[in-house]
file structure.csv (CSV, C-alpha atoms)
chain,number,residue,atom,x,y,z
A,691,MET,CA,-15.9,-15.5,22.4
A,692,ARG,CA,-18.1,-14.3,19.5
A,693,ARG,CA,-18.0,-10.7,18.2
A,694,PRO,CA,-21.0,-8.7,19.4
A,695,GLY,CA,-23.5,-7.1,17.0
A,696,GLU,CA,-23.6,-7.9,13.3
A,697,PRO,CA,-21.3,-10.9,12.6
A,698,PHE,CA,-18.0,-10.3,10.9
A,699,PRO,CA,-16.9,-12.0,8.8
A,700,PRO,CA,-20.4,-12.4,7.3
A,701,PRO,CA,-21.8,-15.9,7.5
A,702,SER,CA,-21.9,-16.0,3.7
A,703,TYR,CA,-18.1,-16.4,3.7
A,704,GLU,CA,-18.3,-19.9,5.1
A,705,GLU,CA,-20.9,-20.7,2.4
A,706,TYR,CA,-18.5,-19.3,-0.2
A,707,ARG,CA,-15.6,-21.5,1.0
A,708,ASN,CA,-17.7,-24.6,0.6
A,709,ARG,CA,-18.4,-23.9,-3.1
A,710,GLN,CA,-16.3,-25.2,-6.0
A,711,GLY,CA,-13.9,-22.7,-7.5
A,712,MET,CA,-14.2,-19.0,-6.7
A,713,VAL,CA,-17.4,-17.0,-6.3
A,714,PHE,CA,-18.7,-14.7,-9.0
A,715,SER,CA,-20.1,-11.5,-7.5
A,716,MET,CA,-20.8,-7.9,-8.0
A,717,MET,CA,-19.4,-4.8,-6.1
A,718,PRO,CA,-21.9,-2.2,-4.9
A,719,THR,CA,-20.7,0.0,-7.8
A,720,GLY,CA,-21.6,-2.6,-10.4
A,721,SER,CA,-18.1,-4.0,-10.9
A,722,LYS,CA,-18.2,-7.8,-11.7
A,723,VAL,CA,-15.6,-9.7,-9.7
A,724,TRP,CA,-14.4,-13.1,-8.6
A,725,LEU,CA,-14.2,-13.5,-4.8
A,726,ALA,CA,-11.3,-15.6,-3.4
A,727,THR,CA,-12.4,-17.0,-0.1
A,728,ARG,CA,-10.3,-20.0,0.8
A,729,TYR,CA,-6.9,-19.6,2.4
A,730,GLU,CA,-4.9,-21.2,-0.3
A,731,ASP,CA,-6.8,-19.4,-3.1
A,732,VAL,CA,-6.3,-16.0,-1.5
A,733,ARG,CA,-2.5,-16.7,-1.2
A,734,ALA,CA,-2.5,-17.8,-4.8
A,735,VAL,CA,-4.2,-14.6,-6.0
A,736,LEU,CA,-1.7,-12.5,-4.0
A,737,THR,CA,1.4,-14.2,-5.5
A,738,ASP,CA,0.4,-14.8,-9.1
A,739,LYS,CA,2.4,-12.5,-11.5
A,740,ARG,CA,-0.5,-12.6,-14.0
A,741,ILE,CA,-2.6,-10.7,-11.5
A,742,SER,CA,-2.1,-6.9,-11.0
A,743,SER,CA,-2.8,-4.4,-8.2
A,744,ASN,CA,-2.6,-1.5,-10.7
A,745,PRO,CA,-6.1,0.2,-11.0
A,746,ALA,CA,-5.1,1.5,-14.4
A,747,HIS,CA,-5.9,-1.9,-15.9
A,748,GLU,CA,-9.3,-2.3,-17.4
A,749,GLY,CA,-11.6,-4.4,-15.2
A,750,PHE,CA,-10.0,-3.4,-11.9
A,751,PRO,CA,-12.7,-3.5,-9.2
A,752,SER,CA,-14.3,-0.2,-8.3
A,753,VAL,CA,-15.5,0.2,-4.7
A,754,GLY,CA,-16.7,3.8,-4.9
A,755,ARG,CA,-16.2,6.3,-2.1
A,756,THR,CA,-14.6,4.7,1.0
A,757,GLY,CA,-12.8,7.6,2.6
A,758,GLY,CA,-9.1,8.2,2.3
A,759,VAL,CA,-7.0,10.2,-0.1
A,760,PRO,CA,-8.9,11.6,-3.1
A,761,GLY,CA,-7.2,10.5,-6.3
A,762,GLN,CA,-4.8,8.4,-4.3
A,763,ASP,CA,-4.0,6.1,-7.2
A,764,GLN,CA,-2.7,9.0,-9.2
A,765,ILE,CA,-0.3,10.3,-6.5
A,766,PRO,CA,3.3,9.6,-7.4
A,767,GLY,CA,4.7,7.2,-4.8
A,768,TRP,CA,1.5,5.4,-4.1
A,769,PHE,CA,3.3,2.2,-4.6
A,770,VAL,CA,0.6,-0.2,-3.4
A,771,ALA,CA,-1.1,0.5,-6.8
A,772,LEU,CA,2.1,-0.5,-8.7
A,773,ASP,CA,3.4,-3.8,-9.9
A,774,PRO,CA,7.0,-5.0,-9.9
A,775,PRO,CA,9.5,-3.9,-10.9
A,776,GLU,CA,8.2,-0.3,-10.3
A,777,HIS,CA,6.7,-1.3,-7.0
A,778,ASP,CA,10.0,-2.8,-5.8
A,779,ARG,CA,11.9,0.6,-6.4
A,780,TYR,CA,9.9,2.1,-3.5
A,781,ARG,CA,9.8,-1.0,-1.3
A,782,LYS,CA,13.5,-1.6,-1.4
A,783,SER,CA,14.3,1.9,-0.1
A,784,LEU,CA,12.0,1.3,2.9
A,785,ILE,CA,12.5,-2.3,3.9
A,786,PRO,CA,15.6,-1.7,6.2
A,787,GLU,CA,13.5,0.7,8.3
A,788,PHE,CA,10.8,-1.9,9.0
A,789,THR,CA,12.8,-5.0,9.9
A,790,VAL,CA,12.2,-6.7,13.3
A,791,ARG,CA,15.6,-5.4,14.4
A,792,ARG,CA,14.9,-1.8,13.4
A,793,VAL,CA,11.4,-1.8,15.0
A,794,ARG,CA,12.9,-3.2,18.2
A,795,GLU,CA,15.2,-0.1,18.2
A,796,LEU,CA,12.1,2.1,17.7
A,797,ARG,CA,10.2,0.7,20.7
A,798,PRO,CA,11.3,3.6,23.1
A,799,ALA,CA,10.0,6.2,20.6
A,800,ILE,CA,6.7,4.3,20.3
A,801,GLN,CA,6.5,4.1,24.1
A,802,GLU,CA,7.0,7.8,24.3
A,803,VAL,CA,4.2,8.5,22.0
A,804,VAL,CA,1.8,6.1,23.8
A,805,ASP,CA,2.7,7.5,27.2
A,806,GLY,CA,2.0,11.1,25.9
A,807,VAL,CA,-1.4,10.0,24.6
A,808,LEU,CA,-2.2,8.2,27.8
A,809,ASP,CA,-1.3,11.4,29.8
A,810,ASP,CA,-3.9,13.3,27.8
A,811,LEU,CA,-6.4,10.4,28.2
A,812,ALA,CA,-5.9,10.2,32.0
A,813,ALA,CA,-6.4,14.0,32.2
A,814,LYS,CA,-10.0,13.6,31.0
A,815,GLY,CA,-11.0,12.6,34.5
A,816,GLY,CA,-12.6,9.2,34.2
A,817,GLU,CA,-14.5,9.1,30.9
A,818,ALA,CA,-13.4,9.1,27.3
A,819,ASP,CA,-13.9,7.7,23.8
A,820,LEU,CA,-11.1,5.2,23.4
A,821,VAL,CA,-11.2,5.5,19.6
A,822,ARG,CA,-11.0,9.2,19.4
A,823,ASP,CA,-8.7,9.7,22.4
A,824,PHE,CA,-6.3,6.7,22.2
A,825,ALA,CA,-6.7,4.3,19.2
A,826,ALA,CA,-6.7,7.1,16.6
A,827,PRO,CA,-3.9,9.4,17.7
A,828,VAL,CA,-1.4,6.7,18.6
A,829,PRO,CA,-0.6,5.4,15.1
A,830,SER,CA,-0.8,8.9,13.6
A,831,LEU,CA,1.7,10.3,16.0
A,832,VAL,CA,4.0,7.2,15.7
A,833,ILE,CA,4.3,7.5,12.0
A,834,ALA,CA,4.6,11.3,12.2
A,835,ALA,CA,7.5,10.8,14.6
A,836,LEU,CA,9.1,8.1,12.3
A,837,LEU,CA,8.9,10.5,9.4
A,838,GLY,CA,10.7,13.2,11.3
A,839,VAL,CA,7.7,15.6,11.7
A,840,PRO,CA,8.7,18.1,14.5
A,841,LYS,CA,6.7,17.6,17.7
A,842,VAL,CA,5.1,21.1,17.4
A,843,ASP,CA,3.5,20.1,14.1
A,844,ARG,CA,2.3,16.6,15.1
A,845,PRO,CA,-1.2,17.7,16.5
A,846,ILE,CA,-2.2,19.4,13.2
A,847,PHE,CA,-0.7,16.6,11.3
A,848,GLU,CA,-2.8,14.0,13.2
A,849,GLU,CA,-5.9,16.2,12.7
A,850,HIS,CA,-5.5,16.1,8.9
A,851,ILE,CA,-4.8,12.4,8.9
A,852,ARG,CA,-8.0,11.8,10.9
A,853,SER,CA,-10.0,13.9,8.4
A,854,LEU,CA,-8.8,11.7,5.5
A,855,VAL,CA,-9.8,8.3,7.1
A,856,THR,CA,-13.1,9.4,8.6
A,857,LEU,CA,-16.0,8.3,6.4
A,858,SER,CA,-18.2,11.2,7.6
A,859,SER,CA,-15.6,13.8,6.3
A,860,THR,CA,-16.8,15.6,3.2
A,861,HIS,CA,-15.0,15.3,-0.1
A,862,GLU,CA,-13.9,18.9,0.3
A,863,ALA,CA,-12.5,18.3,3.7
A,864,ARG,CA,-10.5,15.3,2.5
A,865,GLU,CA,-9.2,17.3,-0.5
A,866,THR,CA,-8.1,20.1,1.9
A,867,SER,CA,-6.3,17.6,4.1
A,868,THR,CA,-4.7,15.8,1.2
A,869,LYS,CA,-3.3,19.1,-0.2
A,870,PHE,CA,-2.1,20.2,3.2
A,871,LEU,CA,-0.3,16.9,4.0
A,872,LEU,CA,1.3,16.6,0.5
A,873,ARG,CA,2.5,20.3,0.6
A,874,TYR,CA,3.8,19.8,4.2
A,875,LEU,CA,5.7,16.6,3.3
A,876,ASN,CA,7.2,18.2,0.1
A,877,ARG,CA,8.6,21.0,2.2
A,878,LEU,CA,9.8,18.6,4.9
A,879,VAL,CA,11.6,16.4,2.3
A,880,LYS,CA,13.4,19.5,0.8
A,881,ILE,CA,14.5,20.5,4.3
A,882,LYS,CA,15.9,17.0,5.1
A,883,GLN,CA,17.8,17.0,1.8
A,884,HIS,CA,20.0,19.6,3.4
A,885,ARG,CA,19.6,18.5,7.1
A,886,PRO,CA,19.0,14.8,7.2
A,887,GLY,CA,18.1,13.0,10.4
A,888,ASP,CA,17.4,9.6,11.8
A,889,ASP,CA,14.0,9.3,10.1
A,890,LEU,CA,12.2,7.6,7.2
A,891,LEU,CA,12.2,10.6,4.9
A,892,SER,CA,16.0,10.9,5.3
A,893,VAL,CA,16.3,7.2,4.5
A,894,MET,CA,14.3,7.5,1.3
A,895,ILE,CA,16.3,10.5,0.3
A,896,ALA,CA,19.6,8.7,1.0
A,897,ALA,CA,18.5,5.8,-1.2
A,898,GLY,CA,18.8,8.1,-4.2
A,899,THR,CA,16.2,6.4,-6.3
A,900,LEU,CA,13.1,8.5,-5.6
A,901,SER,CA,12.2,12.1,-6.5
A,902,VAL,CA,10.9,14.6,-3.9
A,903,ILE,CA,7.3,14.2,-5.0
A,904,GLU,CA,7.7,10.4,-5.0
A,905,ILE,CA,9.0,10.4,-1.5
A,906,SER,CA,6.1,12.7,-0.4
A,907,GLY,CA,3.6,10.3,-2.0
A,908,ALA,CA,5.1,7.2,-0.4
A,909,ALA,CA,5.1,9.0,3.0
A,910,MET,CA,1.5,9.8,2.5
A,911,LEU,CA,0.7,6.2,1.8
A,912,LEU,CA,2.5,5.2,5.0
A,913,LEU,CA,0.5,7.7,6.9
A,914,ILE,CA,-2.9,6.6,5.7
A,915,ALA,CA,-2.2,2.8,5.7
A,916,GLY,CA,-0.5,2.9,9.0
A,917,GLN,CA,-3.1,5.0,10.8
A,918,GLU,CA,-6.4,3.5,9.8
A,919,THR,CA,-5.7,-0.2,10.1
A,920,THR,CA,-3.7,0.1,13.3
A,921,ALA,CA,-6.3,2.4,14.9
A,922,ASN,CA,-9.1,-0.1,14.3
A,923,ASN,CA,-7.0,-3.0,15.4
A,924,LEU,CA,-6.2,-1.1,18.6
A,925,ALA,CA,-9.8,-0.3,19.3
A,926,LEU,CA,-11.2,-3.8,18.5
A,927,GLY,CA,-8.4,-5.5,20.5
A,928,ALA,CA,-9.2,-3.2,23.4
A,929,VAL,CA,-12.8,-4.4,23.4
A,930,THR,CA,-11.5,-8.0,23.6
A,931,LEU,CA,-9.3,-7.2,26.5
A,932,LEU,CA,-12.0,-5.2,28.3
A,933,LEU,CA,-14.2,-8.3,28.1
A,934,ASN,CA,-11.4,-10.6,29.0
A,935,PRO,CA,-9.0,-8.8,31.4
A,936,GLU,CA,-7.1,-11.9,32.1
A,937,TRP,CA,-5.5,-11.6,28.7
A,938,ALA,CA,-4.1,-8.1,29.3
A,939,GLY,CA,-0.3,-8.3,29.1
A,940,ASP,CA,-0.3,-11.5,27.1
A,941,GLU,CA,1.9,-10.8,24.0
A,942,ARG,CA,0.1,-13.6,22.1
A,943,VAL,CA,-3.1,-11.5,22.0
A,944,VAL,CA,-1.7,-9.2,19.3
A,945,GLU,CA,-1.4,-12.0,16.7
A,946,GLU,CA,-4.9,-13.3,17.4
A,947,VAL,CA,-6.3,-9.8,17.3
A,948,LEU,CA,-4.8,-9.4,13.8
A,949,ARG,CA,-6.3,-12.7,12.6
A,950,TYR,CA,-9.6,-12.6,14.3
A,951,TYR,CA,-10.6,-9.0,13.3
A,952,SER,CA,-8.9,-9.0,9.8
A,953,VAL,CA,-9.7,-5.3,9.6
A,954,ALA,CA,-8.3,-4.8,6.1
A,955,ASN,CA,-10.5,-7.5,4.6
A,956,LEU,CA,-11.2,-5.7,1.3
A,957,VAL,CA,-8.1,-3.7,0.5
A,958,ALA,CA,-6.3,-6.2,-1.7
A,959,LEU,CA,-8.2,-5.5,-4.9
A,960,ARG,CA,-6.7,-7.2,-8.0
A,961,VAL,CA,-7.3,-7.7,-11.8
A,962,ALA,CA,-6.2,-10.5,-14.1
A,963,THR,CA,-3.9,-9.4,-16.9
A,964,GLN,CA,-3.8,-12.8,-18.5
A,965,ASP,CA,-6.1,-15.9,-18.6
A,966,LEU,CA,-5.4,-18.2,-15.7
A,967,GLU,CA,-6.9,-20.7,-13.3
A,968,ILE,CA,-7.0,-20.6,-9.5
A,969,GLY,CA,-8.8,-23.1,-7.3
A,970,GLY,CA,-10.2,-24.8,-10.3
A,971,GLN,CA,-11.8,-21.6,-11.5
A,972,GLU,CA,-11.0,-20.2,-15.0
A,973,ILE,CA,-10.4,-16.5,-14.9
A,974,ARG,CA,-10.1,-14.3,-18.0
A,975,ALA,CA,-7.8,-11.3,-18.6
A,976,GLY,CA,-9.7,-8.2,-17.4
A,977,ASP,CA,-11.6,-10.0,-14.7
A,978,GLY,CA,-11.6,-8.3,-11.3
A,979,ILE,CA,-10.6,-10.3,-8.3
A,980,VAL,CA,-11.2,-9.6,-4.6
A,981,PRO,CA,-9.3,-11.8,-2.1
A,982,LEU,CA,-11.3,-11.8,1.1
A,983,LEU,CA,-8.6,-11.7,3.8
A,984,ALA,CA,-11.1,-12.2,6.6
A,985,SER,CA,-12.5,-15.3,4.9
A,986,ALA,CA,-9.0,-16.8,4.5
A,987,ASN,CA,-8.3,-16.1,8.2
A,988,PHE,CA,-11.5,-18.0,9.2
A,989,ASP,CA,-10.8,-21.0,6.9
A,990,GLU,CA,-11.4,-24.1,9.0
A,991,SER,CA,-8.9,-26.1,7.0
A,992,LYS,CA,-6.2,-23.7,8.3
A,993,PHE,CA,-7.4,-22.5,11.7
A,994,SER,CA,-9.1,-24.8,14.2
A,995,CYS,CA,-12.3,-23.3,15.6
A,996,PRO,CA,-11.6,-20.0,13.8
A,997,HIS,CA,-14.6,-18.2,15.3
A,998,GLN,CA,-13.1,-18.7,18.8
A,999,PHE,CA,-10.7,-15.9,20.0
A,1000,ASP,CA,-7.8,-18.0,21.2
A,1001,PRO,CA,-4.5,-16.2,22.0
A,1002,GLY,CA,-2.8,-19.6,22.5
A,1003,ARG,CA,-3.3,-20.7,18.9
A,1004,SER,CA,-0.5,-20.6,16.4
A,1005,SER,CA,-1.9,-17.8,14.1
A,1006,ARG,CA,1.3,-16.2,12.8
A,1007,HIS,CA,0.6,-17.5,9.3
A,1008,HIS,CA,-2.6,-15.5,9.0
A,1009,VAL,CA,-3.0,-13.2,6.0
A,1010,ALA,CA,-4.2,-10.1,7.8
A,1011,PHE,CA,-1.2,-8.2,6.4
A,1012,GLY,CA,-1.8,-9.7,2.9
A,1013,TYR,CA,0.8,-12.0,1.3
A,1014,GLY,CA,3.5,-11.9,-1.4
A,1015,VAL,CA,5.3,-8.8,-2.7
A,1016,HIS,CA,2.5,-6.5,-1.5
A,1017,GLN,CA,2.5,-7.9,2.1
A,1018,CYS,CA,2.2,-4.9,4.5
A,1019,LEU,CA,5.6,-3.3,4.8
A,1020,GLY,CA,4.8,-2.0,8.3
A,1021,GLN,CA,3.6,-5.3,9.9
A,1022,ASN,CA,6.4,-5.4,12.4
A,1023,LEU,CA,5.7,-1.8,13.4
A,1024,VAL,CA,2.0,-2.6,13.8
A,1025,ARG,CA,2.8,-5.5,16.1
A,1026,ALA,CA,5.0,-3.4,18.2
A,1027,GLU,CA,2.4,-0.6,18.5
A,1028,LEU,CA,-0.4,-2.9,19.5
A,1029,ASP,CA,1.8,-4.7,22.1
A,1030,ILE,CA,3.0,-1.4,23.6
A,1031,ALA,CA,-0.4,0.2,23.5
A,1032,TYR,CA,-2.3,-2.7,25.1
A,1033,ARG,CA,0.3,-3.2,27.9
A,1034,SER,CA,0.5,0.6,28.7
A,1035,LEU,CA,-3.2,1.2,28.5
A,1036,PHE,CA,-4.2,-1.5,31.0
A,1037,ALA,CA,-1.2,-0.8,33.3
A,1038,ARG,CA,-2.0,2.9,33.5
A,1039,LEU,CA,-5.8,2.4,33.9
A,1040,PRO,CA,-6.2,-1.0,35.5
A,1041,ASP,CA,-10.0,-0.6,36.2
A,1042,LEU,CA,-10.8,0.6,32.7
A,1043,ARG,CA,-14.3,-0.6,31.7
A,1044,LEU,CA,-16.9,-0.2,29.0
A,1045,ALA,CA,-19.3,2.7,29.5
A,1046,VAL,CA,-22.1,1.1,27.5
A,1047,PRO,CA,-23.2,-2.5,27.0
A,1048,VAL,CA,-21.0,-4.2,24.3
A,1049,GLU,CA,-24.1,-4.7,22.2
A,1050,GLU,CA,-24.4,-0.9,21.8
A,1051,LEU,CA,-20.9,-0.3,20.5
A,1052,PRO,CA,-21.0,1.3,17.0
A,1053,PHE,CA,-19.1,-1.3,14.9
A,1054,ARG,CA,-18.3,0.0,11.4
A,1055,TYR,CA,-19.1,-2.1,8.3
A,1056,ASP,CA,-19.5,0.7,5.8
A,1057,GLY,CA,-15.9,1.1,4.6
A,1058,MET,CA,-12.9,-0.7,3.3
A,1059,ILE,CA,-11.7,-1.2,6.9
A,1060,PHE,CA,-13.7,-3.0,9.6
A,1061,GLY,CA,-13.6,-1.2,12.9
A,1062,LEU,CA,-15.4,0.9,15.6
A,1063,ASN,CA,-16.7,4.4,15.3
A,1064,GLY,CA,-16.5,4.9,19.0
A,1065,LEU,CA,-15.6,3.1,22.2
A,1066,PRO,CA,-16.9,4.9,25.4
A,1067,VAL,CA,-15.0,3.9,28.5
A,1068,ARG,CA,-14.8,4.8,32.2
A,1069,TRP,CA,-12.2,4.4,34.9
A,1070,THR,CA,-11.6,5.6,38.4
A,1071,PRO,CA,-9.6,8.9,38.3
A,1072,CYS,CA,-6.4,8.9,40.5
call {"tool": "encode", "arguments": {"input": "structure.csv", "output": "structure tokens"}}
result
Amino acid sequence: MRRPGEPFPPPSYEEYRNRQGMVFSMMPTGSKVWLATRYEDVRAVLTDKRISSNPAHEGFPSVGRTGGVPGQDQIPGWFVALDPPEHDRYRKSLIPEFTVRRVRELRPAIQEVVDGVLDDLAAKGGEADLVRDFAAPVPSLVIAALLGVPKVDRPIFEEHIRSLVTLSSTHEARETSTKFLLRYLNRLVKIKQHRPGDDLLSVMIAAGTLSVIEISGAAMLLLIAGQETTANNLALGAVTLLLNPEWAGDERVVEEVLRYYSVANLVALRVATQDLEIGGQEIRAGDGIVPLLASANFDESKFSCPHQFDPGRSSRHHVAFGYGVHQCLGQNLVRAELDIAYRSLFARLPDLRLAVPVEELPFRYDGMIFGLNGLPVRWTPC
């Protein structure tokens, strides 16, 4: 199977992998960077302590406006923009809540959210946009539930999250949503300091290592990171299953969706803080580096016939979640959400089908996250 429309990853990635060393390039904003394209080089970049994820360093790649939280790198608690040991202070307080065992315990709560979204979807009477009406709300509502947001507040919460991650949102709209969510989370943290529950905010409070504003910022990061990547994986994987219904219910599909679509291709921006060498390429302190995760996941030396979608392959060692100390904290949660969502969607609507030819689907290439702007579908109402 080949992805319809414009190819992703771009054909140039294969050309880059065949070159010696890394590839010197320029971001649309004019930032000069080295592109890491081979699997081993990408993993080396993501684990080298002489390479930083902190945008405060001179030379850090600039990508310009991509949606998301305005001024996110300045929000206390935005720990993906921090290096160890400061980064570890946040991560250690959250790790217990994202283990395989803990996520297994959370599956009934995830199922409840998915079932509720499917109830609303089914009520639409036979036609819907699967991005807007399923893929987008599921991860927003799941993370809101895990943070302990009351059910009555979750619809407005989900609305503001969607405003932040939609590229068409104005800067003013995203600023409004950022302020709303941060104020709301601050109030919720203060409430849970006195009335803790079985939720992520209460866990961070109990750790005793983070301030109220740091907990709110970290929660904001979880909201944004968990929503956008998961929503696009959900939508893209749904297209695959709509075209190949024999794979619906196969748990191996999830891992191959993550590798094949590699939606977070450009998120792992880095800068060298010391002179070093990777893949035979000399890199100077202050040089920006962009590990292309999608290129690594299509490296022929690691994955046989990578352009073929093959649920039967052993693809667990992909780098769709990154690698090293910054590897996605919520990867086990994402896997559970995708598995539950796919199983539930096709069980509830077994004759679900595309409402337009696959060539007409609006694939999104204009942001940090690869995905779909819409996914019109039809089914026979009960």
call {"tool": "atom_distance", "arguments": {"input": "structure.csv", "atom1": "CA of Val839 in chain A", "atom2": "CA of Pro827 in chain A"}}
result
14.5 Å
call {"tool": "atom_distance", "arguments": {"input": "structure.csv", "atom1": "CA of Val902 in chain A", "atom2": "CA of Val879 in chain A"}}
result
6.5 Å
call {"tool": "atom_distance", "arguments": {"input": "structure.csv", "atom1": "CA of Pro1001 in chain A", "atom2": "CA of Val980 in chain A"}}
result
28.2 Å
call {"tool": "closest_residue", "arguments": {"input": "structure.csv", "among": "A:Leu966, A:Leu926, A:Leu959, A:Leu1035", "to": "Phe1053 in chain A", "atoms": "only C-alpha atoms"}}
result
A:Leu926
call {"tool": "closest_residue", "arguments": {"input": "structure.csv", "among": "A:Asp778, A:Asp889, A:Asp1041, A:Glu967", "to": "Arg740 in chain A", "atoms": "all atoms listed in the file"}}
result
A:Glu967
call {"tool": "residues_near_point", "arguments": {"input": "structure.csv", "point": "(0.5, -1.8, 11.6)", "cutoff": "12 Å", "atoms": "all atoms listed in the file", "output": "PDB file with C-alpha atoms, in the frame of the given file"}}
result
ATOM      1  CA  PHE A 788      10.800  -1.900   9.000  1.00  0.00           C
ATOM      2  CA  VAL A 793      11.400  -1.800  15.000  1.00  0.00           C
ATOM      3  CA  VAL A 828      -1.400   6.700  18.600  1.00  0.00           C
ATOM      4  CA  PRO A 829      -0.600   5.400  15.100  1.00  0.00           C
ATOM      5  CA  SER A 830      -0.800   8.900  13.600  1.00  0.00           C
ATOM      6  CA  VAL A 832       4.000   7.200  15.700  1.00  0.00           C
ATOM      7  CA  ILE A 833       4.300   7.500  12.000  1.00  0.00           C
ATOM      8  CA  LEU A 912       2.500   5.200   5.000  1.00  0.00           C
ATOM      9  CA  LEU A 913       0.500   7.700   6.900  1.00  0.00           C
ATOM     10  CA  ILE A 914      -2.900   6.600   5.700  1.00  0.00           C
ATOM     11  CA  ALA A 915      -2.200   2.800   5.700  1.00  0.00           C
ATOM     12  CA  GLY A 916      -0.500   2.900   9.000  1.00  0.00           C
ATOM     13  CA  GLN A 917      -3.100   5.000  10.800  1.00  0.00           C
ATOM     14  CA  GLU A 918      -6.400   3.500   9.800  1.00  0.00           C
ATOM     15  CA  THR A 919      -5.700  -0.200  10.100  1.00  0.00           C
ATOM     16  CA  THR A 920      -3.700   0.100  13.300  1.00  0.00           C
ATOM     17  CA  ALA A 921      -6.300   2.400  14.900  1.00  0.00           C
ATOM     18  CA  ASN A 922      -9.100  -0.100  14.300  1.00  0.00           C
ATOM     19  CA  ASN A 923      -7.000  -3.000  15.400  1.00  0.00           C
ATOM     20  CA  LEU A 924      -6.200  -1.100  18.600  1.00  0.00           C
ATOM     21  CA  VAL A 944      -1.700  -9.200  19.300  1.00  0.00           C
ATOM     22  CA  GLU A 945      -1.400 -12.000  16.700  1.00  0.00           C
ATOM     23  CA  VAL A 947      -6.300  -9.800  17.300  1.00  0.00           C
ATOM     24  CA  LEU A 948      -4.800  -9.400  13.800  1.00  0.00           C
ATOM     25  CA  SER A 952      -8.900  -9.000   9.800  1.00  0.00           C
ATOM     26  CA  VAL A 953      -9.700  -5.300   9.600  1.00  0.00           C
ATOM     27  CA  ALA A 954      -8.300  -4.800   6.100  1.00  0.00           C
ATOM     28  CA  ALA A1010      -4.200 -10.100   7.800  1.00  0.00           C
ATOM     29  CA  PHE A1011      -1.200  -8.200   6.400  1.00  0.00           C
ATOM     30  CA  GLY A1012      -1.800  -9.700   2.900  1.00  0.00           C
ATOM     31  CA  GLN A1017       2.500  -7.900   2.100  1.00  0.00           C
ATOM     32  CA  CYS A1018       2.200  -4.900   4.500  1.00  0.00           C
ATOM     33  CA  LEU A1019       5.600  -3.300   4.800  1.00  0.00           C
ATOM     34  CA  GLY A1020       4.800  -2.000   8.300  1.00  0.00           C
ATOM     35  CA  GLN A1021       3.600  -5.300   9.900  1.00  0.00           C
ATOM     36  CA  ASN A1022       6.400  -5.400  12.400  1.00  0.00           C
ATOM     37  CA  LEU A1023       5.700  -1.800  13.400  1.00  0.00           C
ATOM     38  CA  VAL A1024       2.000  -2.600  13.800  1.00  0.00           C
ATOM     39  CA  ARG A1025       2.800  -5.500  16.100  1.00  0.00           C
ATOM     40  CA  ALA A1026       5.000  -3.400  18.200  1.00  0.00           C
ATOM     41  CA  GLU A1027       2.400  -0.600  18.500  1.00  0.00           C
ATOM     42  CA  LEU A1028      -0.400  -2.900  19.500  1.00  0.00           C
ATOM     43  CA  ASP A1029       1.800  -4.700  22.100  1.00  0.00           C
TER      44      ASP A1029
END
call {"tool": "closest_residue", "arguments": {"input": "structure.csv", "among": "A:Val957, A:Ile979, A:Leu872, A:Ala812", "to": "Leu1042 in chain A", "atoms": "all atoms listed in the file"}}
result
A:Ala812
call {"tool": "closest_residue", "arguments": {"input": "structure.csv", "among": "A:Pro751, A:Tyr951, A:Ser867, A:Thr963", "to": "Pro718 in chain A", "atoms": "all atoms listed in the file"}}
result
A:Pro751
call {"tool": "residues_around", "arguments": {"input": "structure.csv", "residues": "Trp1069 in chain A", "least_positions_apart": "4", "cutoff": "10 Å", "atoms": "all atoms listed in the file", "output": "ChimeraX atom specification"}}
result
/A:812,815-818,1039-1045
call {"tool": "residues_near_point", "arguments": {"input": "structure.csv", "point": "(1.5, -7.4, -2.1)", "cutoff": "12 Å", "atoms": "all atoms listed in the file", "output": "short mmCIF file (atom, residue, chain, number, x, y, z; two decimals) with C-alpha atoms, keeping the file's coordinate frame"}}
result
data_model
loop_
_atom_site.label_atom_id
_atom_site.label_comp_id
_atom_site.auth_asym_id
_atom_site.auth_seq_id
_atom_site.Cartn_x
_atom_site.Cartn_y
_atom_site.Cartn_z
CA VAL A 732 -6.30 -16.00 -1.50
CA ARG A 733 -2.50 -16.70 -1.20
CA ALA A 734 -2.50 -17.80 -4.80
CA VAL A 735 -4.20 -14.60 -6.00
CA LEU A 736 -1.70 -12.50 -4.00
CA THR A 737 1.40 -14.20 -5.50
CA ASP A 738 0.40 -14.80 -9.10
CA LYS A 739 2.40 -12.50 -11.50
CA ILE A 741 -2.60 -10.70 -11.50
CA SER A 742 -2.10 -6.90 -11.00
CA SER A 743 -2.80 -4.40 -8.20
CA ASN A 744 -2.60 -1.50 -10.70
CA PHE A 769 3.30 2.20 -4.60
CA VAL A 770 0.60 -0.20 -3.40
CA ALA A 771 -1.10 0.50 -6.80
CA LEU A 772 2.10 -0.50 -8.70
CA ASP A 773 3.40 -3.80 -9.90
CA PRO A 774 7.00 -5.00 -9.90
CA HIS A 777 6.70 -1.30 -7.00
CA ASP A 778 10.00 -2.80 -5.80
CA ARG A 781 9.80 -1.00 -1.30
CA VAL A 957 -8.10 -3.70 0.50
CA ALA A 958 -6.30 -6.20 -1.70
CA LEU A 959 -8.20 -5.50 -4.90
CA ARG A 960 -6.70 -7.20 -8.00
CA PRO A 981 -9.30 -11.80 -2.10
CA VAL A 1009 -3.00 -13.20 6.00
CA ALA A 1010 -4.20 -10.10 7.80
CA PHE A 1011 -1.20 -8.20 6.40
CA GLY A 1012 -1.80 -9.70 2.90
CA TYR A 1013 0.80 -12.00 1.30
CA GLY A 1014 3.50 -11.90 -1.40
CA VAL A 1015 5.30 -8.80 -2.70
CA HIS A 1016 2.50 -6.50 -1.50
CA GLN A 1017 2.50 -7.90 2.10
CA CYS A 1018 2.20 -4.90 4.50
CA LEU A 1019 5.60 -3.30 4.80
#
